[in-house]
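Visitor: Next comes the structure file data_13.cif, holding mmCIF, C-alpha atoms, pLDDT in the B column; chains and numbers go by the auth columns.
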```
data_work
#
loop_
_atom_site.group_PDB
_atom_site.id
_atom_site.type_symbol
_atom_site.label_atom_id
_atom_site.label_comp_id
_atom_site.label_asym_id
_atom_site.label_seq_id
_atom_site.Cartn_x
_atom_site.Cartn_y
_atom_site.Cartn_z
_atom_site.B_iso_or_equiv
_atom_site.auth_seq_id
_atom_site.auth_asym_id
ATOM 1 C CA MET A 1 0.998 -20.329 23.169 33.00 4 H
ATOM 2 C CA ALA A 2 1.110 -17.233 21.021 40.00 5 H
ATOM 3 C CA ASN A 3 -0.094 -17.355 17.450 44.00 6 H
ATOM 4 C CA GLN A 4 2.642 -18.332 15.041 50.00 7 H
ATOM 5 C CA SER A 5 3.035 -17.072 11.486 54.00 8 H
ATOM 6 C CA HIS A 6 3.429 -19.713 8.808 60.00 9 H
ATOM 7 C CA ASN A 7 3.740 -19.947 5.076 64.00 10 H
ATOM 8 C CA THR A 8 0.796 -21.289 3.123 70.00 11 H
ATOM 9 C CA LEU A 9 -0.018 -24.989 3.443 77.00 12 H
ATOM 10 C CA ILE A 10 1.178 -25.604 -0.100 80.00 13 H
ATOM 11 C CA ASP A 11 4.162 -24.271 -2.024 79.00 14 H
ATOM 12 C CA LEU A 12 2.858 -21.210 -3.863 78.00 15 H
ATOM 13 C CA ALA A 13 4.641 -22.385 -6.996 80.00 16 H
ATOM 14 C CA LEU A 14 2.352 -25.435 -7.008 81.00 17 H
ATOM 15 C CA ALA A 15 -0.716 -23.378 -6.092 83.00 18 H
ATOM 16 C CA ASN A 16 -0.031 -21.051 -9.032 84.00 19 H
ATOM 17 C CA ALA A 17 1.138 -23.595 -11.601 80.00 20 H
ATOM 18 C CA ALA A 18 -0.979 -23.928 -14.751 73.00 21 H
ATOM 19 C CA HIS A 19 -0.065 -27.603 -15.000 79.00 22 H
ATOM 20 C CA GLY A 20 -0.268 -30.437 -12.487 84.00 23 H
ATOM 21 C CA PRO A 21 -3.071 -32.584 -11.052 89.00 24 H
ATOM 22 C CA VAL A 22 -6.686 -31.383 -11.131 91.00 25 H
ATOM 23 C CA VAL A 23 -6.651 -31.472 -7.318 94.00 26 H
ATOM 24 C CA LEU A 24 -3.749 -31.041 -4.903 93.00 27 H
ATOM 25 C CA ALA A 25 -4.440 -32.092 -1.309 93.00 28 H
ATOM 26 C CA VAL A 26 -2.652 -30.940 1.847 92.00 29 H
ATOM 27 C CA GLN A 27 -3.317 -31.372 5.561 92.00 30 H
ATOM 28 C CA GLN A 28 -1.385 -30.300 8.630 89.00 31 H
ATOM 29 C CA ARG A 29 -1.597 -30.623 12.408 88.00 32 H
ATOM 30 C CA LEU A 30 0.325 -28.238 14.683 87.00 33 H
ATOM 31 C CA GLY A 31 0.840 -28.137 18.437 86.00 34 H
ATOM 32 C CA GLY A 32 -0.194 -24.474 18.513 86.00 35 H
ATOM 33 C CA PRO A 33 -2.164 -21.869 16.562 86.00 36 H
ATOM 34 C CA ARG A 34 -1.471 -21.096 12.935 88.00 37 H
ATOM 35 C CA ARG A 35 -1.634 -17.714 11.224 89.00 38 H
ATOM 36 C CA THR A 36 -1.204 -17.301 7.473 90.00 39 H
ATOM 37 C CA ALA A 37 -0.732 -13.787 6.097 90.00 40 H
ATOM 38 C CA ARG A 38 -2.978 -12.475 3.332 91.00 41 H
ATOM 39 C CA HIS A 39 -2.080 -14.104 0.028 91.00 42 H
ATOM 40 C CA GLN A 40 -3.654 -15.406 -3.166 92.00 43 H
ATOM 41 C CA HIS A 41 -3.066 -18.145 -5.715 93.00 44 H
ATOM 42 C CA ALA A 42 -4.265 -19.231 -9.141 93.00 45 H
ATOM 43 C CA ARG A 43 -5.910 -22.413 -7.863 95.00 46 H
ATOM 44 C CA GLY A 44 -9.298 -22.416 -6.137 95.00 47 H
ATOM 45 C CA GLN A 45 -9.221 -23.710 -2.561 96.00 48 H
ATOM 46 C CA LEU A 46 -11.594 -25.819 -0.487 97.00 49 H
ATOM 47 C CA LEU A 47 -10.546 -25.789 3.160 95.00 50 H
ATOM 48 C CA GLY A 48 -11.703 -26.976 6.539 92.00 51 H
ATOM 49 C CA ALA A 49 -10.660 -27.973 10.042 88.00 52 H
ATOM 50 C CA HIS A 50 -10.772 -31.402 11.640 85.00 53 H
ATOM 51 C CA GLN A 51 -11.496 -29.712 14.961 78.00 54 H
ATOM 52 C CA GLY A 52 -11.779 -26.264 16.501 73.00 55 H
ATOM 53 C CA LEU A 53 -12.400 -22.970 14.767 76.00 56 H
ATOM 54 C CA LEU A 54 -10.667 -21.098 11.938 85.00 57 H
ATOM 55 C CA ARG A 55 -10.839 -17.338 11.412 84.00 58 H
ATOM 56 C CA ILE A 56 -10.684 -16.408 7.751 90.00 59 H
ATOM 57 C CA GLU A 57 -10.363 -13.043 6.050 87.00 60 H
ATOM 58 C CA VAL A 58 -11.463 -13.395 2.457 85.00 61 H
ATOM 59 C CA GLY A 59 -11.864 -10.333 0.296 72.00 62 H
ATOM 60 C CA ASP A 60 -13.670 -7.837 2.535 67.00 63 H
ATOM 61 C CA LEU A 61 -15.358 -10.542 4.618 74.00 64 H
ATOM 62 C CA HIS A 62 -14.363 -12.029 7.961 77.00 65 H
ATOM 63 C CA TRP A 63 -15.544 -15.558 8.662 83.00 66 H
ATOM 64 C CA LEU A 64 -15.552 -17.959 11.558 79.00 67 H
ATOM 65 C CA LEU A 65 -15.261 -21.465 10.131 84.00 68 H
ATOM 66 C CA PRO A 66 -16.192 -24.172 12.659 78.00 69 H
ATOM 67 C CA ALA A 67 -15.141 -27.794 12.326 80.00 70 H
ATOM 68 C CA GLY A 68 -17.712 -29.682 10.301 82.00 71 H
ATOM 69 C CA HIS A 69 -17.983 -26.889 7.720 88.00 72 H
ATOM 70 C CA VAL A 70 -15.899 -26.003 4.676 94.00 73 H
ATOM 71 C CA ALA A 71 -14.978 -22.784 2.905 95.00 74 H
ATOM 72 C CA TRP A 72 -14.629 -22.334 -0.848 96.00 75 H
ATOM 73 C CA ILE A 73 -12.243 -19.619 -2.008 95.00 76 H
ATOM 74 C CA PRO A 74 -12.221 -18.974 -5.785 95.00 77 H
ATOM 75 C CA PRO A 75 -8.936 -18.531 -7.680 95.00 78 H
ATOM 76 C CA SER A 76 -6.924 -15.321 -7.186 93.00 79 H
ATOM 77 C CA LEU A 77 -9.033 -14.045 -4.265 93.00 80 H
ATOM 78 C CA PRO A 78 -6.860 -12.580 -1.438 93.00 81 H
ATOM 79 C CA HIS A 79 -7.376 -14.303 1.905 93.00 82 H
ATOM 80 C CA ALA A 80 -5.749 -14.913 5.286 93.00 83 H
ATOM 81 C CA LEU A 81 -6.290 -17.541 7.984 91.00 84 H
ATOM 82 C CA ALA A 82 -5.749 -17.987 11.704 88.00 85 H
ATOM 83 C CA SER A 83 -6.748 -20.820 14.006 84.00 86 H
ATOM 84 C CA ALA A 84 -8.295 -20.032 17.375 70.00 87 H
ATOM 85 C CA ALA A 85 -6.289 -22.794 19.080 75.00 88 H
ATOM 86 C CA ARG A 86 -4.155 -25.712 17.887 82.00 89 H
ATOM 87 C CA PHE A 87 -4.288 -25.970 14.112 86.00 90 H
ATOM 88 C CA ASP A 88 -5.617 -29.164 12.573 87.00 91 H
ATOM 89 C CA GLY A 89 -6.706 -28.323 9.053 90.00 92 H
ATOM 90 C CA TRP A 90 -6.694 -29.343 5.408 94.00 93 H
ATOM 91 C CA SER A 91 -7.091 -27.896 1.916 95.00 94 H
ATOM 92 C CA LEU A 92 -7.852 -29.091 -1.603 96.00 95 H
ATOM 93 C CA TYR A 93 -6.505 -26.896 -4.412 95.00 96 H
ATOM 94 C CA PHE A 94 -8.318 -27.036 -7.778 95.00 97 H
ATOM 95 C CA SER A 95 -6.786 -26.247 -11.158 93.00 98 H
ATOM 96 C CA ASP A 96 -8.083 -23.408 -13.330 89.00 99 H
ATOM 97 C CA ASP A 97 -9.972 -25.797 -15.599 90.00 100 H
ATOM 98 C CA ALA A 98 -11.637 -27.502 -12.648 92.00 101 H
ATOM 99 C CA CYS A 99 -12.782 -24.121 -11.298 94.00 102 H
ATOM 100 C CA LEU A 100 -14.698 -23.155 -14.440 92.00 103 H
ATOM 101 C CA GLY A 101 -17.947 -24.650 -13.154 91.00 104 H
ATOM 102 C CA LEU A 102 -17.399 -23.739 -9.506 96.00 105 H
ATOM 103 C CA PRO A 103 -18.800 -20.712 -7.612 96.00 106 H
ATOM 104 C CA ALA A 104 -17.189 -17.408 -8.582 94.00 107 H
ATOM 105 C CA THR A 105 -17.681 -15.989 -5.082 92.00 108 H
ATOM 106 C CA ALA A 106 -16.415 -17.264 -1.745 92.00 109 H
ATOM 107 C CA ARG A 107 -18.772 -19.215 0.480 92.00 110 H
ATOM 108 C CA ILE A 108 -18.992 -21.346 3.606 91.00 111 H
ATOM 109 C CA PHE A 109 -21.259 -24.381 3.604 91.00 112 H
ATOM 110 C CA GLN A 110 -21.974 -27.606 5.438 88.00 113 H
ATOM 111 C CA PRO A 111 -20.608 -30.489 3.352 93.00 114 H
ATOM 112 C CA SER A 112 -22.770 -33.421 2.374 93.00 115 H
ATOM 113 C CA THR A 113 -21.911 -36.895 3.589 94.00 116 H
ATOM 114 C CA LEU A 114 -20.693 -37.653 0.075 97.00 117 H
ATOM 115 C CA LEU A 115 -18.355 -34.648 0.032 97.00 118 H
ATOM 116 C CA GLN A 116 -16.971 -35.517 3.465 95.00 119 H
ATOM 117 C CA ALA A 117 -16.159 -39.077 2.380 96.00 120 H
ATOM 118 C CA ALA A 118 -14.660 -37.963 -0.939 97.00 121 H
ATOM 119 C CA THR A 119 -12.497 -35.343 0.802 96.00 122 H
ATOM 120 C CA ILE A 120 -11.091 -37.936 3.214 95.00 123 H
ATOM 121 C CA ARG A 121 -10.096 -40.052 0.221 96.00 124 H
ATOM 122 C CA ALA A 122 -8.587 -37.124 -1.699 96.00 125 H
ATOM 123 C CA LEU A 123 -6.447 -36.057 1.242 95.00 126 H
ATOM 124 C CA GLN A 124 -4.499 -39.295 0.857 94.00 127 H
ATOM 125 C CA TRP A 125 -3.497 -38.559 -2.742 94.00 128 H
ATOM 126 C CA PRO A 126 0.167 -37.754 -3.479 90.00 129 H
ATOM 127 C CA HIS A 127 1.051 -34.732 -5.616 86.00 130 H
ATOM 128 C CA ARG A 128 1.168 -36.500 -8.977 88.00 131 H
ATOM 129 C CA PRO A 129 -1.181 -36.914 -11.955 89.00 132 H
ATOM 130 C CA LEU A 130 -4.488 -38.512 -10.984 93.00 133 H
ATOM 131 C CA ASP A 131 -5.563 -41.873 -12.333 95.00 134 H
ATOM 132 C CA ALA A 132 -8.993 -42.379 -13.906 96.00 135 H
ATOM 133 C CA ALA A 133 -10.734 -43.261 -10.632 96.00 136 H
ATOM 134 C CA GLN A 134 -9.220 -40.266 -8.876 96.00 137 H
ATOM 135 C CA GLU A 135 -10.272 -37.994 -11.749 95.00 138 H
ATOM 136 C CA ARG A 136 -13.848 -39.213 -11.361 96.00 139 H
ATOM 137 C CA LEU A 137 -13.784 -38.602 -7.603 97.00 140 H
ATOM 138 C CA ALA A 138 -12.342 -35.110 -8.160 96.00 141 H
ATOM 139 C CA GLY A 139 -15.311 -34.466 -10.429 96.00 142 H
ATOM 140 C CA VAL A 140 -17.692 -35.595 -7.679 97.00 143 H
ATOM 141 C CA ILE A 141 -16.044 -33.187 -5.224 97.00 144 H
ATOM 142 C CA ALA A 142 -16.362 -30.340 -7.734 97.00 145 H
ATOM 143 C CA ASP A 143 -20.047 -31.182 -8.325 97.00 146 H
ATOM 144 C CA GLU A 144 -20.701 -31.102 -4.572 97.00 147 H
ATOM 145 C CA ILE A 145 -19.044 -27.679 -4.252 97.00 148 H
ATOM 146 C CA ALA A 146 -21.037 -26.358 -7.205 97.00 149 H
ATOM 147 C CA SER A 147 -24.363 -27.528 -5.726 96.00 150 H
ATOM 148 C CA SER A 148 -23.632 -26.331 -2.169 95.00 151 H
ATOM 149 C CA THR A 149 -25.818 -23.847 -0.295 91.00 152 H
ATOM 150 C CA PRO A 150 -23.926 -20.897 1.270 90.00 153 H
ATOM 151 C CA LEU A 151 -24.433 -20.292 4.987 85.00 154 H
ATOM 152 C CA PRO A 152 -24.537 -16.818 6.615 76.00 155 H
ATOM 153 C CA LEU A 153 -21.300 -17.257 8.539 77.00 156 H
ATOM 154 C CA ALA A 154 -19.665 -13.945 7.676 78.00 157 H
ATOM 155 C CA LEU A 155 -19.073 -11.673 10.645 82.00 158 H
ATOM 156 C CA PRO A 156 -17.986 -8.141 9.655 82.00 159 H
ATOM 157 C CA GLN A 157 -15.098 -6.902 11.789 82.00 160 H
ATOM 158 C CA PRO A 158 -14.755 -3.280 12.968 88.00 161 H
ATOM 159 C CA ARG A 159 -11.654 -1.377 11.846 86.00 162 H
ATOM 160 C CA ASP A 160 -11.298 1.035 14.764 92.00 163 H
ATOM 161 C CA ARG A 161 -8.752 -0.384 17.239 92.00 164 H
ATOM 162 C CA ARG A 162 -11.010 0.321 20.230 95.00 165 H
ATOM 163 C CA LEU A 163 -13.875 -1.534 18.626 94.00 166 H
ATOM 164 C CA ARG A 164 -11.596 -4.381 17.570 89.00 167 H
ATOM 165 C CA ARG A 165 -10.601 -4.852 21.219 93.00 168 H
ATOM 166 C CA ILE A 166 -14.272 -5.230 22.124 95.00 169 H
ATOM 167 C CA ALA A 167 -14.778 -7.707 19.283 91.00 170 H
ATOM 168 C CA ALA A 168 -11.768 -9.758 20.410 87.00 171 H
ATOM 169 C CA ALA A 169 -12.950 -9.750 24.034 93.00 172 H
ATOM 170 C CA LEU A 170 -16.402 -10.994 23.018 93.00 173 H
ATOM 171 C CA ALA A 171 -14.882 -13.707 20.833 87.00 174 H
ATOM 172 C CA ARG A 172 -12.844 -14.910 23.835 88.00 175 H
ATOM 173 C CA ALA A 173 -15.809 -14.729 26.221 94.00 176 H
ATOM 174 C CA PRO A 174 -19.131 -14.869 24.326 94.00 177 H
ATOM 175 C CA HIS A 175 -20.988 -15.261 27.647 95.00 178 H
ATOM 176 C CA ASP A 176 -19.907 -11.733 28.650 95.00 179 H
ATOM 177 C CA ASN A 177 -23.199 -9.846 29.008 95.00 180 H
ATOM 178 C CA ARG A 178 -21.834 -6.362 29.567 95.00 181 H
ATOM 179 C CA THR A 179 -24.074 -3.658 28.105 95.00 182 H
ATOM 180 C CA ILE A 180 -23.097 -1.185 25.412 95.00 183 H
ATOM 181 C CA GLU A 181 -22.769 1.408 28.195 96.00 184 H
ATOM 182 C CA ASP A 182 -20.272 -0.846 29.991 96.00 185 H
ATOM 183 C CA TRP A 183 -18.223 -1.389 26.829 96.00 186 H
ATOM 184 C CA ALA A 184 -18.305 2.309 25.999 96.00 187 H
ATOM 185 C CA ALA A 185 -17.012 3.260 29.436 95.00 188 H
ATOM 186 C CA ALA A 186 -14.204 0.703 29.207 93.00 189 H
ATOM 187 C CA SER A 187 -13.236 2.021 25.762 93.00 190 H
ATOM 188 C CA GLY A 188 -13.293 5.742 26.533 93.00 191 H
ATOM 189 C CA LEU A 189 -16.288 6.356 24.277 94.00 192 H
ATOM 190 C CA SER A 190 -19.822 7.513 24.867 96.00 193 H
ATOM 191 C CA SER A 191 -22.467 4.844 24.335 96.00 194 H
ATOM 192 C CA ARG A 192 -23.928 6.834 21.431 96.00 195 H
ATOM 193 C CA SER A 193 -20.522 7.150 19.786 96.00 196 H
ATOM 194 C CA LEU A 194 -19.802 3.432 20.218 97.00 197 H
ATOM 195 C CA ALA A 195 -23.191 2.473 18.804 97.00 198 H
ATOM 196 C CA ARG A 196 -22.784 4.801 15.832 96.00 199 H
ATOM 197 C CA HIS A 197 -19.254 3.641 14.990 96.00 200 H
ATOM 198 C CA TRP A 198 -20.110 -0.040 15.412 96.00 201 H
ATOM 199 C CA LEU A 199 -23.079 0.207 13.053 96.00 202 H
ATOM 200 C CA ALA A 200 -21.087 2.207 10.498 95.00 203 H
ATOM 201 C CA GLU A 201 -18.169 -0.249 10.465 91.00 204 H
ATOM 202 C CA THR A 202 -20.027 -3.576 10.606 90.00 205 H
ATOM 203 C CA GLY A 203 -23.507 -2.822 9.256 90.00 206 H
ATOM 204 C CA MET A 204 -24.923 -4.341 12.468 92.00 207 H
ATOM 205 C CA THR A 205 -25.718 -3.104 15.945 96.00 208 H
ATOM 206 C CA LEU A 206 -23.471 -4.384 18.719 96.00 209 H
ATOM 207 C CA SER A 207 -26.351 -6.548 19.958 95.00 210 H
ATOM 208 C CA GLN A 208 -26.907 -8.084 16.518 94.00 211 H
ATOM 209 C CA TRP A 209 -23.175 -8.632 16.085 94.00 212 H
ATOM 210 C CA ARG A 210 -22.872 -10.369 19.452 95.00 213 H
ATOM 211 C CA GLN A 211 -25.845 -12.608 18.676 94.00 214 H
ATOM 212 C CA ARG A 212 -24.326 -13.740 15.400 91.00 215 H
ATOM 213 C CA LEU A 213 -20.953 -14.298 17.075 91.00 216 H
ATOM 214 C CA ARG A 214 -22.599 -16.526 19.683 93.00 217 H
ATOM 215 C CA VAL A 215 -24.346 -18.546 17.002 92.00 218 H
ATOM 216 C CA LEU A 216 -21.108 -19.062 15.101 86.00 219 H
ATOM 217 C CA LEU A 217 -19.181 -20.063 18.207 87.00 220 H
ATOM 218 C CA ALA A 218 -21.980 -22.466 19.159 90.00 221 H
ATOM 219 C CA LEU A 219 -21.780 -24.443 15.906 84.00 222 H
ATOM 220 C CA PRO A 220 -18.826 -26.755 16.681 80.00 223 H
ATOM 221 C CA HIS A 221 -20.293 -27.521 20.133 87.00 224 H
ATOM 222 C CA LEU A 222 -23.630 -28.532 18.625 88.00 225 H
ATOM 223 C CA LEU A 223 -21.919 -30.675 15.978 80.00 226 H
ATOM 224 C CA ALA A 224 -19.897 -32.329 18.765 82.00 227 H
ATOM 225 C CA GLY A 225 -23.164 -33.464 20.371 89.00 228 H
ATOM 226 C CA ASN A 226 -23.348 -31.035 23.298 93.00 229 H
ATOM 227 C CA SER A 227 -26.876 -30.376 24.530 96.00 230 H
ATOM 228 C CA VAL A 228 -28.726 -27.253 23.443 96.00 231 H
ATOM 229 C CA ILE A 229 -29.145 -26.105 27.043 96.00 232 H
ATOM 230 C CA SER A 230 -25.437 -26.449 27.871 96.00 233 H
ATOM 231 C CA VAL A 231 -24.453 -24.572 24.716 96.00 234 H
ATOM 232 C CA ALA A 232 -27.030 -21.856 25.374 97.00 235 H
ATOM 233 C CA LEU A 233 -25.756 -21.272 28.915 96.00 236 H
ATOM 234 C CA SER A 234 -22.103 -21.273 27.792 96.00 237 H
ATOM 235 C CA MET A 235 -22.940 -18.532 25.281 96.00 238 H
ATOM 236 C CA GLY A 236 -24.460 -16.279 27.934 96.00 239 H
ATOM 237 C CA TYR A 237 -28.168 -16.923 27.415 96.00 240 H
ATOM 238 C CA ASP A 238 -30.373 -17.156 30.506 94.00 241 H
ATOM 239 C CA THR A 239 -32.753 -19.631 28.866 94.00 242 H
ATOM 240 C CA PRO A 240 -32.471 -22.132 25.993 95.00 243 H
ATOM 241 C CA SER A 241 -35.554 -20.623 24.353 96.00 244 H
ATOM 242 C CA ALA A 242 -33.795 -17.280 23.819 96.00 245 H
ATOM 243 C CA PHE A 243 -30.818 -19.042 22.228 97.00 246 H
ATOM 244 C CA ILE A 244 -33.090 -21.195 20.043 97.00 247 H
ATOM 245 C CA ALA A 245 -34.925 -18.125 18.740 96.00 248 H
ATOM 246 C CA VAL A 246 -31.696 -16.317 17.801 95.00 249 H
ATOM 247 C CA PHE A 247 -30.158 -19.447 16.297 94.00 250 H
ATOM 248 C CA LYS A 248 -33.187 -20.185 14.116 93.00 251 H
ATOM 249 C CA ARG A 249 -33.280 -16.607 12.892 91.00 252 H
ATOM 250 C CA GLU A 250 -29.596 -16.719 11.900 87.00 253 H
ATOM 251 C CA MET A 251 -29.325 -20.266 10.554 85.00 254 H
ATOM 252 C CA GLY A 252 -32.868 -21.096 9.428 84.00 255 H
ATOM 253 C CA VAL A 253 -33.077 -24.229 11.587 88.00 256 H
ATOM 254 C CA THR A 254 -33.211 -24.958 15.309 94.00 257 H
ATOM 255 C CA PRO A 255 -29.975 -25.841 17.160 94.00 258 H
ATOM 256 C CA ALA A 256 -31.232 -29.390 17.749 93.00 259 H
ATOM 257 C CA ARG A 257 -31.892 -29.975 14.051 90.00 260 H
ATOM 258 C CA TYR A 258 -28.557 -28.417 13.134 85.00 261 H
ATOM 259 C CA GLY A 259 -26.676 -30.590 15.615 80.00 262 H
ATOM 260 C CA ALA A 260 -28.397 -33.716 14.258 79.00 263 H
ATOM 261 C CA GLY A 261 -26.856 -32.969 10.862 65.00 264 H
#
```
Would you mind writing the file out in structure tokens?
Guide:
Amino acid sequence: MANQSHNTLIDLALANAAHGPVVLAVQQRLGGPRRTARHQHARGQLLGAHQGLLRIEVGDLHWLLPAGHVAWIPPSLPHALASAARFDGWSLYFSDDACLGLPATARIFQPSTLLQAATIRALQWPHRPLDAAQERLAGVIADEIASSTPLPLALPQPRDRRLRRIAAALARAPHDNRTIEDWAAASGLSSRSLARHWLAETGMTLSQWRQRLRVLLALPHLLAGNSVISVALSMGYDTPSAFIAVFKREMGVTPARYGAG
């Protein structure tokens, strides 16, 4: 099914209102992909997916957000979102006052067990003033966001249309091991020109970019309990040890430790 364009999860009038509950919660499940055009709102947003992978443009960054992780987007920061497959996602929108102690820059992080449980509870709240217990739980959620540790899940995207086609092809098939010479020939570029443009537009070599992409795409599989060897092979690595080395360099932990939570 082709990607479908949708409005934001929440009425922008609510997302921009100075009044209303400290936290507004929304979740949605669609039979196909979801794409939300670039927009912004006065409330800060915590968002995640129950399953699958979300692609987020936030400011000048491009993120891949796997299930099991959350993204924090501060108030009034332009952003866009698209799901890689069927959309099953949620968002919590925080009032201006609640955002005062929260990070001023966007980040992706792995939520604590406490934050996961509190989010599940908050997603059941109707859009009306919170009672005392709900206010306290909203404060716990805010504290967990404030104390979170950002993860290096940003993947810069090239602007040149030829390079963007390569990036999209690799995202669809991360196991594709074609060389830079192969990609250059398929794109009508010399290998030197491709390498130069890719580095200039992403700040990474094509090899470095592909390695980070593979790590990001591996995350939901590891969290789902798939074995390190099966994930490594599905991402195009000949041996698990090569995948483990790249993963540890990017994420700071081994895939097995990451998958164990």
Visitor: Using only C-alpha atoms, which protein or nucleic acid residues come within 10 Å of stretch 188-205 of chain H? Drop anything in the same chain fewer than 5 positions from it, and give the result as a list of chain:residue names.
Guide: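 That gives H:Leu158, H:Pro159, H:Gln160, H:Pro161, H:Arg162, H:Asp163, H:Arg164, H:Arg165, H:Leu166, H:Arg167, H:Arg168, H:Ile169, H:Thr182, H:Ile183, H:Ser210, H:Gln211, H:Trp212.
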Visitor: Go ahead and dump the residues you just picked, C-alpha atoms, as a compact mmCIF listing (two decimals), in the coordinates of the input.
Guide:
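Saved result, part.txt, follows:
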```txt
# COMPACT_ATOMS: atom_id res chain seq x y z
CA LEU H 158 -19.07 -11.67 10.64
CA PRO H 159 -17.99 -8.14 9.65
CA GLN H 160 -15.10 -6.90 11.79
CA PRO H 161 -14.76 -3.28 12.97
CA ARG H 162 -11.65 -1.38 11.85
CA ASP H 163 -11.30 1.03 14.76
CA ARG H 164 -8.75 -0.38 17.24
CA ARG H 165 -11.01 0.32 20.23
CA LEU H 166 -13.88 -1.53 18.63
CA ARG H 167 -11.60 -4.38 17.57
CA ARG H 168 -10.60 -4.85 21.22
CA ILE H 169 -14.27 -5.23 22.12
CA THR H 182 -24.07 -3.66 28.10
CA ILE H 183 -23.10 -1.18 25.41
CA SER H 210 -26.35 -6.55 19.96
CA GLN H 211 -26.91 -8.08 16.52
CA TRP H 212 -23.18 -8.63 16.08
```
Visitor: Would you write out, as JSON lines, a table of all residues in stretch 56-105 of chain H that have an atom no more than 8 Å from an atom of stretch 223-238 of chain H, listing for each the closest atom pair and the distance in Å to one decimal, considering only C-alpha atoms and ordering rows by chain and rising residue number?
Guide:
```
{"residue": "H:Leu56", "atom": "CA", "partner": "H:Pro223", "partner_atom": "CA", "distance": 7.7}
{"residue": "H:Pro69", "atom": "CA", "partner": "H:Pro223", "partner_atom": "CA", "distance": 5.5}
{"residue": "H:Ala70", "atom": "CA", "partner": "H:Pro223", "partner_atom": "CA", "distance": 5.8}
{"residue": "H:Gly71", "atom": "CA", "partner": "H:Pro223", "partner_atom": "CA", "distance": 7.1}
```
Visitor: Go ahead and save the residues from that selection, with C-alpha atoms, as a PDB file, in the frame of the given file.
Guide:
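Generated output (selection.pdb):
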```pdb
ATOM      1  CA  LEU H  56     -12.400 -22.970  14.767  1.00 76.00           C
ATOM      2  CA  PRO H  69     -16.192 -24.172  12.659  1.00 78.00           C
ATOM      3  CA  ALA H  70     -15.141 -27.794  12.326  1.00 80.00           C
ATOM      4  CA  GLY H  71     -17.712 -29.682  10.301  1.00 82.00           C
TER       5      GLY H  71
END
```
Visitor: As an exercise, work out the distance from atom CA of H:Arg131 to atom CA of H:Ala21 in Å and give it to one decimal place.
Guide: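 Atom CA of H:Ala21 lies 14.0 Å from atom CA of H:Arg131.
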Visitor: Expressed in Å to a single decimal, how great is the separation between atom CA of H:His178 and atom CA of H:His65?
Guide: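 Atom CA of H:His65 lies at a distance of 21.0 Å from atom CA of H:His178.
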Visitor: Under the PyMOL selection byres ((chain H and resi 14-18) around 10), which residues of this model are included? Write them out as a list in words.
Guide: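 On the file shown, the PyMOL selection byres ((chain H and resi 14-18) around 10) covers Asn10, Thr11, Leu12, Ile13, Asn19, Ala20, Ala21, His22, Gly23, Pro24, Leu27, His42, Gln43, His44, Ala45, Arg46, Gly47, Gln48, Pro78, Tyr96, Phe97, Ser98 and His130 of chain H.
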Visitor: Within 12 Å of stretch 141-150 of chain H, which residues of stretch 22-121 of chain H show up? Give each one with its shortest atom-to-atom distance in Å (one decimal) and the two atoms involved, counting all atoms listed in the file, rows by chain then rising residue number, as CSV.
Guide:
```
residue,atom,partner,partner_atom,distance
H:Pro24,CA,H:Ala141,CA,10.0
H:Val25,CA,H:Ala141,CA,7.4
H:Val26,CA,H:Ala141,CA,6.8
H:Leu27,CA,H:Ala141,CA,10.1
H:Ala28,CA,H:Ala141,CA,10.9
H:Gly47,CA,H:Ala145,CA,10.7
H:Gln48,CA,H:Ile148,CA,10.7
H:Leu49,CA,H:Ile148,CA,8.6
H:Leu50,CA,H:Ile148,CA,11.4
H:Val73,CA,H:Ile148,CA,9.6
H:Ala74,CA,H:Ile148,CA,9.6
H:Trp75,CA,H:Ile148,CA,7.7
H:Ile76,CA,H:Ile148,CA,10.8
H:Pro77,CA,H:Ile148,CA,11.2
H:Leu95,CA,H:Ile144,CA,9.8
H:Tyr96,CA,H:Ala141,CA,10.8
H:Phe97,CA,H:Ala145,CA,8.7
H:Ser98,CA,H:Ala141,CA,10.9
H:Asp100,CA,H:Ala145,CA,11.1
H:Ala101,CA,H:Ala145,CA,7.4
H:Cys102,CA,H:Ala145,CA,8.0
H:Leu103,CA,H:Ala145,CA,10.0
H:Gly104,CA,H:Ala149,CA,6.9
H:Leu105,CA,H:Ala149,CA,5.0
H:Pro106,CA,H:Ala149,CA,6.1
H:Ala107,CA,H:Ala149,CA,9.8
H:Thr108,CA,H:Ala149,CA,11.1
H:Ala109,CA,H:Ile148,CA,11.0
H:Arg110,CA,H:Ile148,CA,9.7
H:Ile111,CA,H:Ile148,CA,10.1
H:Phe112,CA,H:Ile148,CA,8.8
H:Gln113,CA,H:Ile148,CA,10.1
H:Pro114,CA,H:Glu147,CA,7.9
H:Ser115,CA,H:Glu147,CA,7.6
H:Thr116,CA,H:Glu147,CA,10.1
H:Leu117,CA,H:Glu147,CA,8.0
H:Leu118,CA,H:Ile144,CA,5.9
H:Gln119,CA,H:Ile144,CA,9.0
H:Ala120,CA,H:Ile144,CA,9.6
H:Ala121,CA,H:Ile144,CA,6.6
```
Visitor: Using all atoms listed in the file, find the one residue out of H:Gln54, H:Trp66, H:Ser151, H:Arg215 that sits nearest to H:Ala88.
Guide: H:Gln54
Visitor: Report the distance between atom CA of H:Ala83 and atom CA of H:Arg175 in Å, rounded to one decimal place.
Guide: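 These two atoms are separated by 19.9 Å.
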Visitor: List, as a list in words, every residue that the PyMOL selection byres ((chain H and resi 30) around 10) selects in the file provided.
Guide: Leu12, Ile13, Ala28, Val29, Gln31, Arg32, Leu50, Gly51, Ala52, His53, Asp91, Gly92, Trp93, Ser94, Leu95, Leu126 and Gln127 of chain H
Visitor: Name the residues captured by the PyMOL selection byres ((chain H and resi 249) around 10) when it is applied to the shown file; answer as a list in words.
Guide: Gln211, Gln214, Arg215, Arg217, Val218, Ser244, Ala245, Phe246, Ile247, Ala248, Phe250, Lys251, Arg252, Glu253, Met254, Gly255, Thr257 and Pro258 of chain H
